[in-house]
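To start, the structure under review is shown below, and the notes come after it.
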Amino acid sequence: MSTLEIKDLHVSIDTEQGEKEILKGVSLVINTNETHAIMGPNGSGKSTLASTIAGHPRYKVTSGSITLDGADVLEMSVDERAKAGLFLAMQYPVEVPGVTMTNFLRTAKTAIDGEAPKLRTWTKDVKEAMAKLKIDADFASRNVNEGFSGGEKKRVEILQMELFKPKFSILDETDSGLDVDALKTVSEGVNRAQEENQMGTLLITHYTRILRYIKPDFVHVFVDGRIAEQGGAELADRLEEEGYDRFLNVQA
Amino acid sequence: MSETTTQIPEEKARIGAPSIPGFTEEGENLSPLNDSASSPLAGASSKSHSHGGGEGVTDSSRAGRLTSYNVEDFPKLTGREEDWRFTPLKRIGSLHTAELTGQAPKVELTGSENVTLRTVAADDAIRGNAFTPDDRVSANGWKYADGAQVLTIPANAENTKSILRITGESLEPAAQHLIIVAEENSEAMVVIDHVGSAVLAQNIEFDVRQGARLRVVSLQAWESDAIHASSQQAVVAKDATFKHIVVTFGGDLVRVNPSARFAGEHAEIELYGLYFADAGQHLEHRLFVDHAVPNCKSNVLYKGALQGKGAHTVWVGDVLIQKAAVGTDSYEANRNLVLTDGTRADSVPNLEIETGLIDGAGHASTTGRFDDEHLFYLMARGIDEKTARRLVVRGFLNEIVQQIGDEQLEERLTDTIEEELAATHL
């Protein structure tokens with residue numbers, strides 16, 4: 001079992017008006033094989049948490065810690081975090097010109113595993129994983145995310161998650177912009193990765209919709225850079241009925 | 001990657017250079033005769049010496065460009081001329097003013113046995129069949145070239161391959177003239193491989209005769225102190241195809257001006273280019289496709305990568321579809337990939353169309369940046385920074401490398417790209 005531990009995390013970004021604190025002391029412990037849903041209104045810091053774990057240079061950790069089985073994640077470069085077993089499914093995957101999906105997937109897999117995958121089984125694995133996520137076989141020869149629709153980009157993020165087999169995945173609003181069929185396909189992918197690899201999941205979402213397909217063990221509600229409430233799956237049901245007003249009113 | 005159209009802010013075109021009347025961010029104004037006294041191409045000089053234009057052709061049209069075998073016909077350069085406004089004249093080794101009497105680079109031929117190389121005198125009738133100097137440096141090179149080397153691909157030769165290794169051994173300003181004749185229905189690949197050090201005004205003419213298929217790779221793999229201005233002109237006859245691939249990596253200042261003119265119907269011209277500019281390098285490519293006859297096809301694609309402080313690339317693509325050139329199909333594009341801060345990519349496509357009866361004509365120019373978001377995405381998948389950069393650049397430039405169609409040379413270029421990337425310190 002592996003553990004990803006976030007302790008009293010404070011994160012700021014530089015804005016034109018100066019430094020702005022986004023996360024104001026977040027603590028979380030996620031074990032492999034667990035699913036944690038992070039919910040909350042827009043601007044509450046959910047995506048900041050995701051990007052900070054992955055090491056995006058825009059976010060500055062001012063205090064607190066992130067450790068993976070005791071190892072200091074904040075000391076690691078972005079690629080080292082990926083190699084250590086962290087995966088971020090991005091909210092807005094970028095298009096990478098000149099690099100085909102096939103080439104990209106093989107290069108990343110080689111980097112993460114520290115050795116090149118066996119060509120024959122790898123090709124088969126990629127084909128199967130693409131078929132399961134209903135990704136057209138042509139995509140393999142296209143440039144990474146280039147000309148993909150929003151839904152296609154999200155499916156390709158999940159494809160990578162299934163192929164790279166991380167210990168922990170952070171899904172940053174993977175559900176946004178997906179129709180019901182795509183949402184189901186993507187959720188099945190996440191559930192497969194959990195079953196097959198005992199992956200720990202940090203599921204960041206604004207809506208409860210995806211939680212019909214991916215059952216969370218824990219739900220954390222983010223408000224203004226802090227965890228305002230925590231509970232089990234039943235908390236999500238309550239949020240579905242009541243929305244976030246309750247928390248926002250408290251704040252006001 | 002976000003694609004943005006390159007803007008050419010006039011004030012920044014050259015440090016200290018005032019804006020030029022008749023030119024806008026889009027390139028040339030196709031407006032009435034520019035008779036401004038300050039324009040070097042204006043007034044009597046262009047009319048009395050112009051071979052392509054003369055009375056009635058606007059000076060701002062490519063058709064009105066001054067061409068002459070006599071260097072004195074070209075006014076002294078100021079750096080404000082349209083075709084010199086991006087070029088740092090201070091770094092051009094006096095090629096426009098000096099007596100180019102230095103030792104010309106050595107020319108060695110290897111490859112197919114039926115392809116021959118001979119030397120002719122400067123006044124040999126063959127010289128100029130497919131060539132007229134169209135700027136001062138080229139005319140100066142014409143004046144001082146000590147004869148010419150003529151490469152002949154015999155009629156009906158199949159699948160020939162020739163390598164002309166051009167080795168520069170002196171930094172004295174020099175001139176050189178090369179002639180490549182692809183006789184009727186011949187099929188040839190010619191690699192012009194520039195290595196060593198030189199300060200060179202070079203003129204190359206390609207006489208592509210009826211039904212010939214000529215593929216040329218001009219490789220600028222100079223040492224870092226080389227200065228090279230190369231005017232490469234082709235005349236392409238009926239049913240012939242001319243594929244020209246420029247690859248520029250080396251040299252301090254390299255300016256290659258390929259131009260190709262259709263002389264008969266149903267011919268095809270493809271101009272490709274690949275350049276990789278490092279810190280301090282000035283790599284300039286100005287091309288011209290002249291659709292003078294009906295039913296011909298041209299395609300232009302230049303791709304460049306830039307990295308390091310002061311890396312400057314210039315691409316200007318003039319395509320002229322003359323009134324007679326009905327049924328023309330033409331496209332030109334330039335794509336640049338900016339890898340670091342401190343670089344500058346100028347890109348100006350100019351398309352002039354004088355007839356509406358064409359199959360197609362288009363142009364595109366994009367300058368994209370390999371930015372932090374691309375890097376973050378690839379690194380978040382475990383790929384280290386160096387590999388990430390290599391992936392992107394290799395992929396970007398590969399489209400041109402593939403056009404070469406010669407495994408050995410493609411491998412050499414792939415290796416060179418790797419070396420260029422390995423040299424990046426960020």
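Residues in the structure tokens are numbered from 1 in each chain, the chains being A, B, ... in the order shown, and ligands are numbered from 1 in the order shown.
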Tell me as a PDB file with C-alpha atoms, in the first residue's frame which residues belonging to chain B come within 12 Å of chain A, counting only C-alpha atoms.
ATOM      1  CA  MET B   1       0.251  25.073 -29.773  1.00  0.00           C
ATOM      2  CA  SER B   2      -1.157  28.455 -30.316  1.00  0.00           C
ATOM      3  CA  GLU B   3      -0.637  29.688 -33.810  1.00  0.00           C
ATOM      4  CA  LYS B 303       9.916  25.339 -41.529  1.00  0.00           C
ATOM      5  CA  ARG B 335       6.044  27.789 -40.116  1.00  0.00           C
ATOM      6  CA  ASN B 336       8.347  28.746 -37.298  1.00  0.00           C
ATOM      7  CA  LEU B 337       8.815  27.178 -33.919  1.00  0.00           C
ATOM      8  CA  GLY B 368       4.275  29.089 -32.680  1.00  0.00           C
ATOM      9  CA  ARG B 369       6.016  28.864 -29.434  1.00  0.00           C
ATOM     10  CA  PHE B 370       7.051  25.787 -27.558  1.00  0.00           C
ATOM     11  CA  ASP B 371       5.939  27.155 -24.249  1.00  0.00           C
ATOM     12  CA  ASP B 372       5.769  26.196 -20.606  1.00  0.00           C
ATOM     13  CA  GLU B 373       2.385  24.525 -21.011  1.00  0.00           C
ATOM     14  CA  HIS B 374       3.684  22.127 -23.669  1.00  0.00           C
ATOM     15  CA  LEU B 375       6.686  21.397 -21.542  1.00  0.00           C
ATOM     16  CA  PHE B 376       4.560  20.847 -18.427  1.00  0.00           C
ATOM     17  CA  TYR B 377       2.253  18.473 -20.266  1.00  0.00           C
ATOM     18  CA  LEU B 378       5.083  16.292 -21.540  1.00  0.00           C
ATOM     19  CA  MET B 379       6.996  16.382 -18.256  1.00  0.00           C
ATOM     20  CA  ALA B 380       3.865  15.474 -16.320  1.00  0.00           C
ATOM     21  CA  ARG B 381       4.034  12.251 -18.341  1.00  0.00           C
ATOM     22  CA  GLY B 382       7.509  11.470 -17.057  1.00  0.00           C
ATOM     23  CA  ILE B 383       9.398  12.879 -20.045  1.00  0.00           C
ATOM     24  CA  ASP B 384      12.403  14.977 -19.022  1.00  0.00           C
ATOM     25  CA  GLU B 385      12.850  18.471 -20.390  1.00  0.00           C
ATOM     26  CA  LYS B 386      15.537  17.652 -22.939  1.00  0.00           C
ATOM     27  CA  THR B 387      13.641  14.725 -24.371  1.00  0.00           C
ATOM     28  CA  ALA B 388      10.451  16.778 -24.481  1.00  0.00           C
ATOM     29  CA  ARG B 389      12.109  19.471 -26.542  1.00  0.00           C
ATOM     30  CA  ARG B 390      13.690  16.919 -28.828  1.00  0.00           C
ATOM     31  CA  LEU B 391      10.348  15.206 -29.404  1.00  0.00           C
ATOM     32  CA  VAL B 392       8.667  18.415 -30.435  1.00  0.00           C
ATOM     33  CA  VAL B 393      11.412  19.814 -32.645  1.00  0.00           C
ATOM     34  CA  ARG B 394      12.147  16.524 -34.345  1.00  0.00           C
ATOM     35  CA  GLY B 395       8.472  16.076 -35.076  1.00  0.00           C
ATOM     36  CA  PHE B 396       8.121  19.614 -36.357  1.00  0.00           C
ATOM     37  CA  LEU B 397      11.080  19.507 -38.732  1.00  0.00           C
ATOM     38  CA  ASN B 398      10.596  15.939 -39.847  1.00  0.00           C
ATOM     39  CA  GLU B 399       8.046  16.976 -42.448  1.00  0.00           C
ATOM     40  CA  ILE B 400      10.826  18.639 -44.434  1.00  0.00           C
TER      41      ILE B 400
END
Backbone-only DSSP, alpha helix (DSSP H) members of range 2-231 of chain A, as a PyMOL selection string: chain A and resi 46-54+78-84+101-113+119-132+150-164+180-197
Polymer residues at most 12 Å from Glu196 in chain A, only C-alpha atoms, same-chain spacing of 6 or more positions, as a ChimeraX atom specification: /A:32-33,161-163,165-167,188-190
